[in-house]
Every structure is written in structure tokens, then in C-alpha cells.
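Reproduced below: run-v6.csv, with CSV, C-alpha atoms.
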```
chain,number,residue,atom,x,y,z
A,1,MET,CA,5.3,-24.5,-2.8
A,2,ASN,CA,8.2,-22.2,-2.1
A,3,ALA,CA,8.4,-18.9,-3.9
A,4,ARG,CA,11.6,-18.2,-5.8
A,5,VAL,CA,13.2,-15.5,-7.9
A,6,ASN,CA,15.9,-16.9,-10.3
A,7,GLY,CA,16.2,-19.9,-8.1
A,8,VAL,CA,16.6,-17.9,-4.8
A,9,THR,CA,13.9,-18.7,-2.2
A,10,ILE,CA,12.1,-15.7,-1.0
A,11,ALA,CA,9.3,-17.4,1.0
A,12,THR,CA,8.6,-20.9,2.1
A,13,GLN,CA,5.3,-22.7,2.0
A,14,ASP,CA,5.2,-22.5,5.8
A,15,GLU,CA,5.0,-18.7,5.8
A,16,THR,CA,1.8,-16.8,5.9
A,17,LEU,CA,2.1,-13.7,3.7
A,18,LEU,CA,-0.4,-11.5,2.0
A,19,PRO,CA,-0.1,-11.5,-1.8
A,20,GLU,CA,1.2,-7.9,-1.6
A,21,GLU,CA,3.9,-8.9,0.9
A,22,LEU,CA,5.0,-11.7,-1.3
A,23,ARG,CA,5.2,-9.5,-4.4
A,24,GLN,CA,7.2,-6.9,-2.4
A,25,ARG,CA,9.7,-9.6,-1.4
A,26,ALA,CA,10.0,-10.6,-5.0
A,27,CYS,CA,10.5,-7.1,-6.2
A,28,THR,CA,13.2,-6.5,-3.6
A,29,GLU,CA,15.0,-9.7,-4.6
A,30,LEU,CA,14.9,-8.6,-8.3
A,31,LEU,CA,16.6,-5.3,-7.3
A,32,ARG,CA,19.1,-7.1,-5.1
A,33,GLN,CA,20.1,-9.4,-7.9
A,34,ALA,CA,20.3,-6.6,-10.4
A,35,ALA,CA,22.6,-4.7,-8.0
A,36,GLN,CA,24.9,-7.8,-7.9
A,37,GLN,CA,24.8,-8.0,-11.7
A,38,GLU,CA,25.9,-4.4,-12.0
A,39,GLY,CA,28.8,-4.9,-9.5
A,40,LEU,CA,27.2,-2.7,-6.8
A,41,LEU,CA,26.8,-5.6,-4.4
A,42,ALA,CA,29.1,-8.5,-3.6
A,43,ALA,CA,28.1,-11.9,-5.1
A,44,SER,CA,28.5,-13.4,-1.6
A,45,ASP,CA,25.5,-11.3,-0.3
A,46,VAL,CA,22.5,-13.7,0.2
A,47,CYS,CA,18.8,-13.3,0.5
A,48,ASP,CA,17.6,-13.4,4.1
A,49,ALA,CA,15.0,-16.1,4.8
A,50,GLY,CA,12.6,-13.5,6.2
A,51,GLY,CA,13.1,-11.1,3.3
A,52,VAL,CA,15.3,-8.7,5.3
A,53,LEU,CA,18.0,-7.0,3.3
A,54,SER,CA,21.5,-6.7,4.6
A,55,ALA,CA,22.8,-3.1,5.0
A,56,ALA,CA,25.0,-3.6,2.0
A,57,ALA,CA,22.2,-4.7,-0.1
A,58,ALA,CA,19.9,-1.8,0.9
A,59,SER,CA,22.7,0.6,0.0
A,60,ALA,CA,23.4,-1.1,-3.3
A,61,ILE,CA,19.7,-1.0,-4.3
A,62,ASP,CA,19.7,2.7,-3.6
A,63,ALA,CA,22.7,3.2,-5.8
A,64,LEU,CA,21.1,1.0,-8.5
A,65,LEU,CA,17.9,3.1,-8.5
A,66,GLU,CA,19.8,6.3,-8.5
A,67,ARG,CA,21.6,5.1,-11.6
A,68,ARG,CA,18.6,3.7,-13.4
A,69,LEU,CA,15.8,6.1,-12.6
A,70,SER,CA,15.3,9.5,-14.1
A,71,VAL,CA,12.7,11.6,-12.4
A,72,PRO,CA,12.1,15.0,-14.1
A,73,GLU,CA,11.2,18.1,-12.1
A,74,PRO,CA,7.5,18.9,-12.5
A,75,SER,CA,6.7,22.1,-14.4
A,76,ASP,CA,4.6,24.8,-12.8
A,77,GLU,CA,1.8,24.0,-15.3
A,78,ALA,CA,1.8,20.4,-14.2
A,79,CYS,CA,1.7,21.4,-10.5
A,80,ARG,CA,-1.2,23.7,-11.1
A,81,ARG,CA,-3.2,21.0,-13.0
A,82,HIS,CA,-2.6,18.5,-10.2
A,83,TYR,CA,-3.6,21.0,-7.6
A,84,SER,CA,-6.8,21.9,-9.4
A,85,ALA,CA,-7.7,18.2,-9.8
A,86,HIS,CA,-6.9,17.3,-6.2
A,87,GLU,CA,-7.5,20.4,-4.2
A,88,SER,CA,-9.2,18.4,-1.4
A,89,ARG,CA,-5.8,16.7,-0.6
A,90,TYR,CA,-4.3,20.0,0.4
A,91,ARG,CA,-6.8,21.2,2.9
A,92,SER,CA,-5.5,21.7,6.4
A,93,GLY,CA,-7.4,20.3,9.4
A,94,GLU,CA,-9.3,17.5,7.6
A,95,ARG,CA,-10.8,15.0,10.0
A,96,VAL,CA,-13.0,11.9,9.6
A,97,GLN,CA,-15.2,10.0,12.0
A,98,VAL,CA,-14.5,6.4,11.3
A,99,ARG,CA,-15.3,2.9,12.5
A,100,HIS,CA,-13.8,-0.3,11.2
A,101,ILE,CA,-13.7,-4.1,11.4
A,102,LEU,CA,-10.1,-5.4,11.5
A,103,PHE,CA,-9.1,-8.8,10.2
A,104,ALA,CA,-5.6,-9.0,11.5
A,105,VAL,CA,-2.8,-10.8,9.8
A,106,THR,CA,-1.0,-12.8,12.5
A,107,PRO,CA,1.6,-15.6,12.4
A,108,GLY,CA,0.0,-18.8,11.2
A,109,VAL,CA,-3.2,-17.3,9.9
A,110,ASP,CA,-4.7,-18.6,6.6
A,111,VAL,CA,-4.5,-15.4,4.5
A,112,VAL,CA,-6.8,-16.7,1.8
A,113,ALA,CA,-9.5,-17.7,4.3
A,114,LEU,CA,-9.0,-14.3,6.2
A,115,ARG,CA,-9.6,-12.4,3.0
A,116,GLN,CA,-12.7,-14.4,2.2
A,117,ARG,CA,-14.1,-13.6,5.7
A,118,ALA,CA,-13.2,-9.9,5.3
A,119,GLU,CA,-14.9,-9.7,1.9
A,120,ALA,CA,-18.0,-11.5,3.2
A,121,ALA,CA,-18.2,-9.0,6.1
A,122,LEU,CA,-17.7,-6.1,3.7
A,123,LEU,CA,-20.5,-7.4,1.4
A,124,ASP,CA,-22.8,-7.9,4.4
A,125,VAL,CA,-22.4,-4.5,6.0
A,126,ARG,CA,-22.6,-2.8,2.6
A,127,CYS,CA,-26.0,-4.5,2.0
A,128,HIS,CA,-27.2,-3.0,5.2
A,129,ASP,CA,-25.4,0.4,4.8
A,130,GLY,CA,-27.7,3.2,5.9
A,131,GLN,CA,-30.2,0.9,7.5
A,132,ALA,CA,-31.1,1.0,11.2
A,133,GLY,CA,-30.2,-2.0,13.4
A,134,GLY,CA,-26.5,-1.5,14.0
A,135,GLN,CA,-25.3,-4.2,11.6
A,136,PHE,CA,-21.8,-2.7,11.3
A,137,ALA,CA,-21.4,-2.4,15.1
A,138,ASN,CA,-22.7,-5.9,15.6
A,139,ALA,CA,-20.2,-7.3,13.0
A,140,ALA,CA,-17.4,-5.3,14.6
A,141,ARG,CA,-18.1,-6.7,18.1
A,142,THR,CA,-18.3,-10.3,16.6
A,143,LEU,CA,-15.5,-10.2,14.0
A,144,SER,CA,-13.0,-7.4,14.7
A,145,ASN,CA,-9.5,-8.2,16.0
A,146,CYS,CA,-9.1,-4.6,17.2
A,147,PRO,CA,-10.0,-3.5,20.8
A,148,SER,CA,-12.3,-1.0,19.2
A,149,GLY,CA,-14.6,-3.9,18.3
A,150,ALA,CA,-16.0,-3.8,21.9
A,151,ASP,CA,-17.3,-0.3,20.9
A,152,GLY,CA,-18.7,-1.4,17.6
A,153,GLY,CA,-15.5,-0.6,15.8
A,154,ASP,CA,-15.6,3.1,16.7
A,155,LEU,CA,-12.3,4.9,16.2
A,156,GLY,CA,-13.7,8.4,16.8
A,157,TRP,CA,-12.5,11.5,15.0
A,158,LEU,CA,-9.1,11.0,13.3
A,159,SER,CA,-6.7,13.2,11.4
A,160,ALA,CA,-4.3,11.7,8.8
A,161,ALA,CA,-1.5,11.9,11.3
A,162,ASP,CA,-3.4,9.6,13.6
A,163,CYS,CA,-3.4,6.7,11.1
A,164,ALA,CA,-0.9,4.5,9.3
A,165,PRO,CA,0.0,6.2,6.0
A,166,GLU,CA,-1.5,3.4,3.9
A,167,PHE,CA,-4.8,3.6,5.9
A,168,ALA,CA,-4.8,7.4,5.6
A,169,ARG,CA,-4.4,7.3,1.8
A,170,GLU,CA,-7.7,5.4,1.5
A,171,VAL,CA,-9.7,7.4,3.9
A,172,PHE,CA,-8.6,11.1,3.6
A,173,GLY,CA,-8.8,13.3,0.6
A,174,HIS,CA,-12.1,11.7,-0.6
A,175,ALA,CA,-15.7,12.8,-0.5
A,176,GLU,CA,-17.4,9.5,0.1
A,177,VAL,CA,-19.3,8.8,3.3
A,178,GLY,CA,-20.6,5.4,4.4
A,179,VAL,CA,-19.0,1.9,4.1
A,180,LEU,CA,-16.1,2.1,1.7
A,181,PRO,CA,-16.7,-0.2,-1.3
A,182,ARG,CA,-13.3,-1.9,-0.9
A,183,LEU,CA,-11.2,-3.5,1.7
A,184,VAL,CA,-8.5,-1.2,3.1
A,185,HIS,CA,-5.0,-2.9,3.4
A,186,SER,CA,-2.7,-1.8,6.1
A,187,ARG,CA,0.3,-3.2,8.0
A,188,PHE,CA,-2.2,-4.5,10.6
A,189,GLY,CA,-4.3,-6.5,8.2
A,190,LEU,CA,-7.5,-6.0,6.2
A,191,HIS,CA,-10.1,-3.4,7.3
A,192,VAL,CA,-13.8,-2.9,6.5
A,193,VAL,CA,-14.2,0.8,7.0
A,194,GLU,CA,-17.2,3.1,7.4
A,195,VAL,CA,-16.8,6.8,7.3
A,196,LEU,CA,-19.5,8.3,9.4
A,197,ALA,CA,-18.7,12.0,8.9
A,198,ARG,CA,-16.1,14.3,7.4
A,199,GLN,CA,-14.8,17.7,8.3
A,200,THR,CA,-13.2,18.9,5.1
A,201,GLY,CA,-10.8,21.4,6.7
A,202,THR,CA,-9.6,24.7,5.3
A,203,ALA,CA,-8.6,25.2,1.7
A,204,GLN,CA,-5.1,26.4,1.1
A,205,GLY,CA,-4.0,28.4,-1.9
A,206,PHE,CA,-1.7,26.9,-4.6
A,207,GLU,CA,1.3,29.0,-3.7
A,208,SER,CA,1.2,27.9,-0.1
A,209,VAL,CA,1.3,24.2,-1.0
A,210,ARG,CA,3.3,24.3,-4.2
A,211,GLY,CA,6.2,22.4,-2.6
A,212,ALA,CA,3.9,19.6,-1.4
A,213,VAL,CA,2.3,19.4,-4.9
A,214,ALA,CA,5.7,19.2,-6.6
A,215,MET,CA,6.8,16.5,-4.1
A,216,SER,CA,3.7,14.5,-4.9
A,217,LEU,CA,4.3,14.7,-8.6
A,218,ARG,CA,7.9,13.7,-8.2
A,219,GLN,CA,6.8,10.7,-6.1
A,220,GLN,CA,4.4,9.7,-8.8
A,221,ALA,CA,7.1,9.9,-11.5
A,222,TYR,CA,9.5,7.9,-9.3
A,223,VAL,CA,6.9,5.2,-8.7
A,224,THR,CA,6.2,5.0,-12.5
A,225,ALA,CA,9.9,4.8,-13.3
A,226,LEU,CA,10.4,2.1,-10.6
A,227,ARG,CA,7.5,0.1,-11.9
A,228,GLN,CA,9.1,0.2,-15.4
A,229,VAL,CA,12.4,-1.1,-14.0
A,230,LEU,CA,10.7,-3.9,-12.1
A,231,ARG,CA,8.5,-5.0,-15.0
A,232,LEU,CA,11.6,-5.3,-17.2
A,233,LEU,CA,13.5,-7.2,-14.5
A,234,ALA,CA,10.5,-9.5,-14.0
A,235,GLY,CA,10.3,-10.1,-17.7
A,236,GLN,CA,13.9,-11.4,-17.7
A,237,ALA,CA,13.5,-13.5,-14.5
A,238,ALA,CA,12.5,-17.0,-13.7
A,239,LEU,CA,9.7,-16.7,-11.1
A,240,GLU,CA,8.1,-19.5,-9.1
A,241,GLY,CA,5.2,-19.2,-6.8
A,242,VAL,CA,4.8,-15.5,-7.3
A,243,GLU,CA,3.2,-13.4,-10.1
A,244,LEU,CA,4.5,-10.0,-11.2
A,245,ASP,CA,3.8,-7.7,-14.1
A,246,ARG,CA,6.3,-8.3,-16.8
A,247,ALA,CA,7.7,-6.5,-19.8
A,248,ASP,CA,10.0,-8.0,-22.4
A,249,THR,CA,11.5,-4.8,-23.6
A,250,PRO,CA,12.6,-1.5,-22.0
A,251,LEU,CA,9.8,0.3,-23.9
A,252,VAL,CA,7.2,0.1,-21.1
A,253,GLN,CA,4.4,2.6,-21.1
```

Rewrite the structure from the file as C-alpha cells, please.
Amino acid sequence: MNARVNGVTIATQDETLLPEELRQRACTELLRQAAQQEGLLAASDVCDAGGVLSAAAASAIDALLERRLSVPEPSDEACRRHYSAHESRYRSGERVQVRHILFAVTPGVDVVALRQRAEAALLDVRCHDGQAGGQFANAARTLSNCPSGADGGDLGWLSAADCAPEFAREVFGHAEVGVLPRLVHSRFGLHVVEVLARQTGTAQGFESVRGAVAMSLRQQAYVTALRQVLRLLAGQAALEGVELDRADTPLVQ
């Protein structure tokens, strides 16, 4: 079935979208319609069939969020607590040696079947994690849609700058080594990832990274506030073919 937000189609049954992509389209459409309701966007603006916003809609959503979101400046105490709890994130020169199996999302692919294959591969290589026999490399050669599959999925040593941000968030700033216990989602598809080794980099003092810490806390506060707005909008909307978190009142925790 088609997916709709308040009667507006955001995806047709012929499209192949990851659940995260469908939810993103729905959230964007909720914000676009809210901007129209507040007079920030002309009623004649329409939802693009591919989920692409018009320039006017993008600008109106920015104005809407600036009006609705209140993001406080983090205190020095909050910054220090965050730094102490996440000191590994602020090391310079962190590198990881990684290999992966990519299940690429391409036009026409059955996303549900793709996820099932990816999860089956993850379970299989995790069952053999740490054992001899090259199970991961064999699976990469057989299953991976990345050219690295020919080399057993080996990506070599990477820094965070070498990766897509969503991939880097899952791989860097952690201590775990081995096959990650979860699929990693990126703009390219679904990844089964094994961290072979880590170089933790050099610790940086709080004062040298305070700006980055404050930016991280502001971003967290922004995301929390945005989620509250979206949950309230979803609670007031008629949704078809897509599921979103909902709230019936503005008092969202």
C-alpha cells in the first residue's frame, strides 16, 4: 500500500525504501505541513513524489524549527560530565582496522529480504567469531556487494574521516573488537562489520576540546527537542503505511 501523511502520498508501493528512509520522509512531510499551517509556506507547495523538498519548503521548515525549538547552552558542569563519560570520543588520531560485508540497497531490491539475509549473515559470522577458518572472509567473498568482498571484506586501517558519518558513529569511540553485535546502517545499505584492531589515539585535555563537547551537547538537546515536536505532530496526524512515535500532548518526556 502507499504511505500517506494526512492524505498526502509520501511513497508508493512500487518504491523500495528502508524503514528508516520511510520514517524520514514521513517526518519531513509532517514538518512541511506544519510550516504551511503556521503560514510559513504557501498552501500551493506540494510534496515531491520522491520525497525531495522544494527550496521554499526547506527554508520554511528551518523557520518553523527556529520558532519551535529551544536549545539551551550547556553548562560547564554538564560539559565536564559528558567529557568524563565519553573521553574516548575526543582522542585524536583514532584508527580502526575493519572488514565488512555490504548488503547494498539498490533500486528494486526487496528490503525485507535483504535485511533477513544480512541478519542471517551476521548471526553466522558471530557464531564463528574468533575461530580459525576465515568464515568472515568467505562470507564477504560470497555475499558482499562491495568491491572489498574480493579481499574478504578488508577495508584496511580507517580514520573517522574516511567513512560515512553514520558508519563512523557505530565504529569509532568504542572499545569493542570483533564482529559488532548489530547491523550497521549507512547510506550504502546494511553492513556486517568486524573490527580487527584499534589504535585509540592520543587523549586530549578537556579545555582543548570544550568547544566540541559543547557542540555535541547542543546537538543532543536539539535532537531531543526535535523528537518532541515530531511526536506531537505525529500524534495529531493521520498516518497510513508508516509508523512513528506519537504523543497526544506537548508534555513529552

Check: With all atoms listed in the file as the atoms that count, which of A:Pro107, A:Gly201, A:Gly189, A:Pro165 lies nearest to Glu20 of chain A?
Finding: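 Ranked by minimum distance to Glu20 of chain A, first place goes to A:Gly189.
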
Closest pair table for segment 155-246 of chain A residues within 9 Å of segment 74-97 of chain A, all atoms listed in the file, as a tab-separated table:
```
residue	atom	partner	partner_atom	distance
A:Leu155	CA	A:Gln97	CA	7.2
A:Gly156	CA	A:Gln97	CA	5.3
A:Trp157	CA	A:Gln97	CA	4.3
A:Leu158	CA	A:Val96	CA	5.5
A:Ser159	CA	A:Arg95	CA	4.7
A:Ala160	CA	A:Arg95	CA	7.4
A:Val171	CA	A:Val96	CA	8.0
A:Phe172	CA	A:Val96	CA	7.5
A:Gly173	CA	A:Arg89	CA	4.7
A:His174	CA	A:Ser88	CA	7.3
A:Ala175	CA	A:Ser88	CA	8.6
A:Glu194	CA	A:Gln97	CA	8.5
A:Val195	CA	A:Gln97	CA	5.9
A:Leu196	CA	A:Gln97	CA	5.3
A:Ala197	CA	A:Gln97	CA	5.1
A:Arg198	CA	A:Val96	CA	4.5
A:Gln199	CA	A:Arg95	CA	5.1
A:Thr200	CA	A:Glu94	CA	4.8
A:Gly201	CA	A:Glu94	CA	4.3
A:Thr202	CA	A:Arg91	CA	5.1
A:Ala203	CA	A:Arg91	CA	4.5
A:Gln204	CA	A:Arg91	CA	5.8
A:Gly205	CA	A:Tyr90	CA	8.7
A:Phe206	CA	A:Tyr83	CA	6.9
A:Val209	CA	A:Tyr90	CA	7.1
A:Arg210	CA	A:Cys79	CA	7.1
A:Ala212	CA	A:Tyr90	CA	8.4
A:Val213	CA	A:Cys79	CA	6.0
A:Ala214	CA	A:Cys79	CA	6.0
A:Met215	CA	A:Pro74	CA	8.8
A:Leu217	CA	A:Pro74	CA	6.6
A:Arg218	CA	A:Pro74	CA	6.8
```

Check: What does the distance between atom CA of Glu240 of chain A and atom CA of Gln24 of chain A come to in Å, to one decimal place?
Finding: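 The value is 14.3 Å.
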
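The residue that comes closest to Ala55 of chain A, out of A:Leu230, A:Ala42, A:Leu180, A:Val71 and on the basis of only C-alpha atoms, is A:Ala42.
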
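Within the 10 Å cut-off around Glu15 of chain A, using only C-alpha atoms and omitting residues fewer than 5 positions from it on the same chain, the listed residues are Asn2, Leu22, Gly50, Pro107, Gly108, Val109 and Asp110 of chain A.
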
Next item on the list: Find the residue from A:Ala11, A:Val229, A:Leu190, A:Met1 that sits nearest to Gln116 of chain A; use all atoms listed in the file when measuring.
Entry: A:Leu190

Next item on the list: Rank nothing, just name the residue among A:Ala221, A:Arg23, A:Asp124, A:Ile101 nearest to Pro147 of chain A, using only C-alpha atoms.
Entry: A:Ile101

Note to self: Just checking: using all atoms listed in the file, which residue out of A:Leu41, A:Val52, A:Leu233, A:Leu143 ends up closest to Leu122 of chain A?
What the structure shows: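 Of the candidates, the smallest distance to Leu122 of chain A is held by A:Leu143.
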
I need segment 152-180 of chain A written out with N, CA and C atoms, as an mmCIF file, in the first residue's frame; please produce it.
```cif
data_model
loop_
_atom_site.group_PDB
_atom_site.id
_atom_site.type_symbol
_atom_site.label_atom_id
_atom_site.label_comp_id
_atom_site.auth_asym_id
_atom_site.auth_seq_id
_atom_site.Cartn_x
_atom_site.Cartn_y
_atom_site.Cartn_z
ATOM 1 N N GLY A 152 38.022 -10.414 0.954
ATOM 2 C CA GLY A 152 37.455 -10.870 2.221
ATOM 3 C C GLY A 152 36.802 -9.770 3.022
ATOM 4 N N GLY A 153 36.458 -8.669 2.341
ATOM 5 C CA GLY A 153 35.806 -7.550 3.028
ATOM 6 C C GLY A 153 36.753 -6.579 3.675
ATOM 7 N N ASP A 154 38.049 -6.772 3.488
ATOM 8 C CA ASP A 154 39.054 -5.951 4.177
ATOM 9 C C ASP A 154 39.034 -4.508 3.689
ATOM 10 N N LEU A 155 38.860 -3.565 4.617
ATOM 11 C CA LEU A 155 38.908 -2.134 4.307
ATOM 12 C C LEU A 155 40.192 -1.491 4.796
ATOM 13 N N GLY A 156 41.031 -2.258 5.474
ATOM 14 C CA GLY A 156 42.295 -1.734 5.977
ATOM 15 C C GLY A 156 42.104 -0.859 7.213
ATOM 16 N N TRP A 157 43.092 0.000 7.459
ATOM 17 C CA TRP A 157 43.026 0.928 8.589
ATOM 18 C C TRP A 157 42.297 2.198 8.161
ATOM 19 N N LEU A 158 41.305 2.602 8.948
ATOM 20 C CA LEU A 158 40.489 3.769 8.621
ATOM 21 C C LEU A 158 40.482 4.750 9.783
ATOM 22 N N SER A 159 40.370 6.033 9.435
ATOM 23 C CA SER A 159 40.050 7.071 10.426
ATOM 24 C C SER A 159 38.583 7.437 10.232
ATOM 25 N N ALA A 160 38.031 8.178 11.164
ATOM 26 C CA ALA A 160 36.619 8.568 11.056
ATOM 27 C C ALA A 160 36.361 9.367 9.790
ATOM 28 N N ALA A 161 37.345 10.152 9.357
ATOM 29 C CA ALA A 161 37.180 10.981 8.161
ATOM 30 C C ALA A 161 37.094 10.147 6.888
ATOM 31 N N ASP A 162 37.526 8.897 6.957
ATOM 32 C CA ASP A 162 37.488 8.033 5.781
ATOM 33 C C ASP A 162 36.115 7.412 5.554
ATOM 34 N N CYS A 163 35.206 7.559 6.507
ATOM 35 C CA CYS A 163 33.934 6.831 6.487
ATOM 36 C C CYS A 163 32.751 7.777 6.379
ATOM 37 N N ALA A 164 31.626 7.235 5.934
ATOM 38 C CA ALA A 164 30.378 7.978 6.026
ATOM 39 C C ALA A 164 30.093 8.235 7.501
ATOM 40 N N PRO A 165 29.566 9.418 7.857
ATOM 41 C CA PRO A 165 29.376 9.748 9.278
ATOM 42 C C PRO A 165 28.570 8.714 10.045
ATOM 43 N N GLU A 166 27.509 8.191 9.420
ATOM 44 C CA GLU A 166 26.673 7.224 10.135
ATOM 45 C C GLU A 166 27.422 5.913 10.380
ATOM 46 N N PHE A 167 28.357 5.557 9.504
ATOM 47 C CA PHE A 167 29.197 4.375 9.698
ATOM 48 C C PHE A 167 30.208 4.654 10.805
ATOM 49 N N ALA A 168 30.826 5.827 10.757
ATOM 50 C CA ALA A 168 31.840 6.188 11.750
ATOM 51 C C ALA A 168 31.270 6.200 13.161
ATOM 52 N N ARG A 169 30.029 6.669 13.312
ATOM 53 C CA ARG A 169 29.426 6.731 14.651
ATOM 54 C C ARG A 169 29.328 5.355 15.298
ATOM 55 N N GLU A 170 29.129 4.334 14.492
ATOM 56 C CA GLU A 170 28.984 2.984 15.032
ATOM 57 C C GLU A 170 30.315 2.306 15.305
ATOM 58 N N VAL A 171 31.375 2.771 14.656
ATOM 59 C CA VAL A 171 32.646 2.060 14.711
ATOM 60 C C VAL A 171 33.663 2.755 15.619
ATOM 61 N N PHE A 172 33.685 4.091 15.608
ATOM 62 C CA PHE A 172 34.686 4.827 16.372
ATOM 63 C C PHE A 172 34.158 5.242 17.745
ATOM 64 N N GLY A 173 35.096 5.476 18.666
ATOM 65 C CA GLY A 173 34.713 5.903 20.007
ATOM 66 C C GLY A 173 34.198 4.785 20.882
ATOM 67 N N HIS A 174 34.445 3.543 20.477
ATOM 68 C CA HIS A 174 34.034 2.371 21.262
ATOM 69 C C HIS A 174 35.271 1.526 21.549
ATOM 70 N N ALA A 175 35.114 0.560 22.454
ATOM 71 C CA ALA A 175 36.237 -0.295 22.820
ATOM 72 C C ALA A 175 36.143 -1.686 22.203
ATOM 73 N N GLU A 176 34.963 -2.047 21.697
ATOM 74 C CA GLU A 176 34.754 -3.429 21.268
ATOM 75 C C GLU A 176 35.602 -3.784 20.055
ATOM 76 N N VAL A 177 36.080 -5.018 20.070
ATOM 77 C CA VAL A 177 36.818 -5.601 18.964
ATOM 78 C C VAL A 177 36.147 -6.921 18.619
ATOM 79 N N GLY A 178 36.108 -7.240 17.317
ATOM 80 C CA GLY A 178 35.416 -8.436 16.867
ATOM 81 C C GLY A 178 34.234 -8.051 16.005
ATOM 82 N N VAL A 179 33.370 -9.017 15.731
ATOM 83 C CA VAL A 179 32.182 -8.756 14.926
ATOM 84 C C VAL A 179 31.194 -7.957 15.766
ATOM 85 N N LEU A 180 30.776 -6.798 15.283
ATOM 86 C CA LEU A 180 29.820 -5.979 16.024
ATOM 87 C C LEU A 180 28.491 -6.736 16.149
#
```
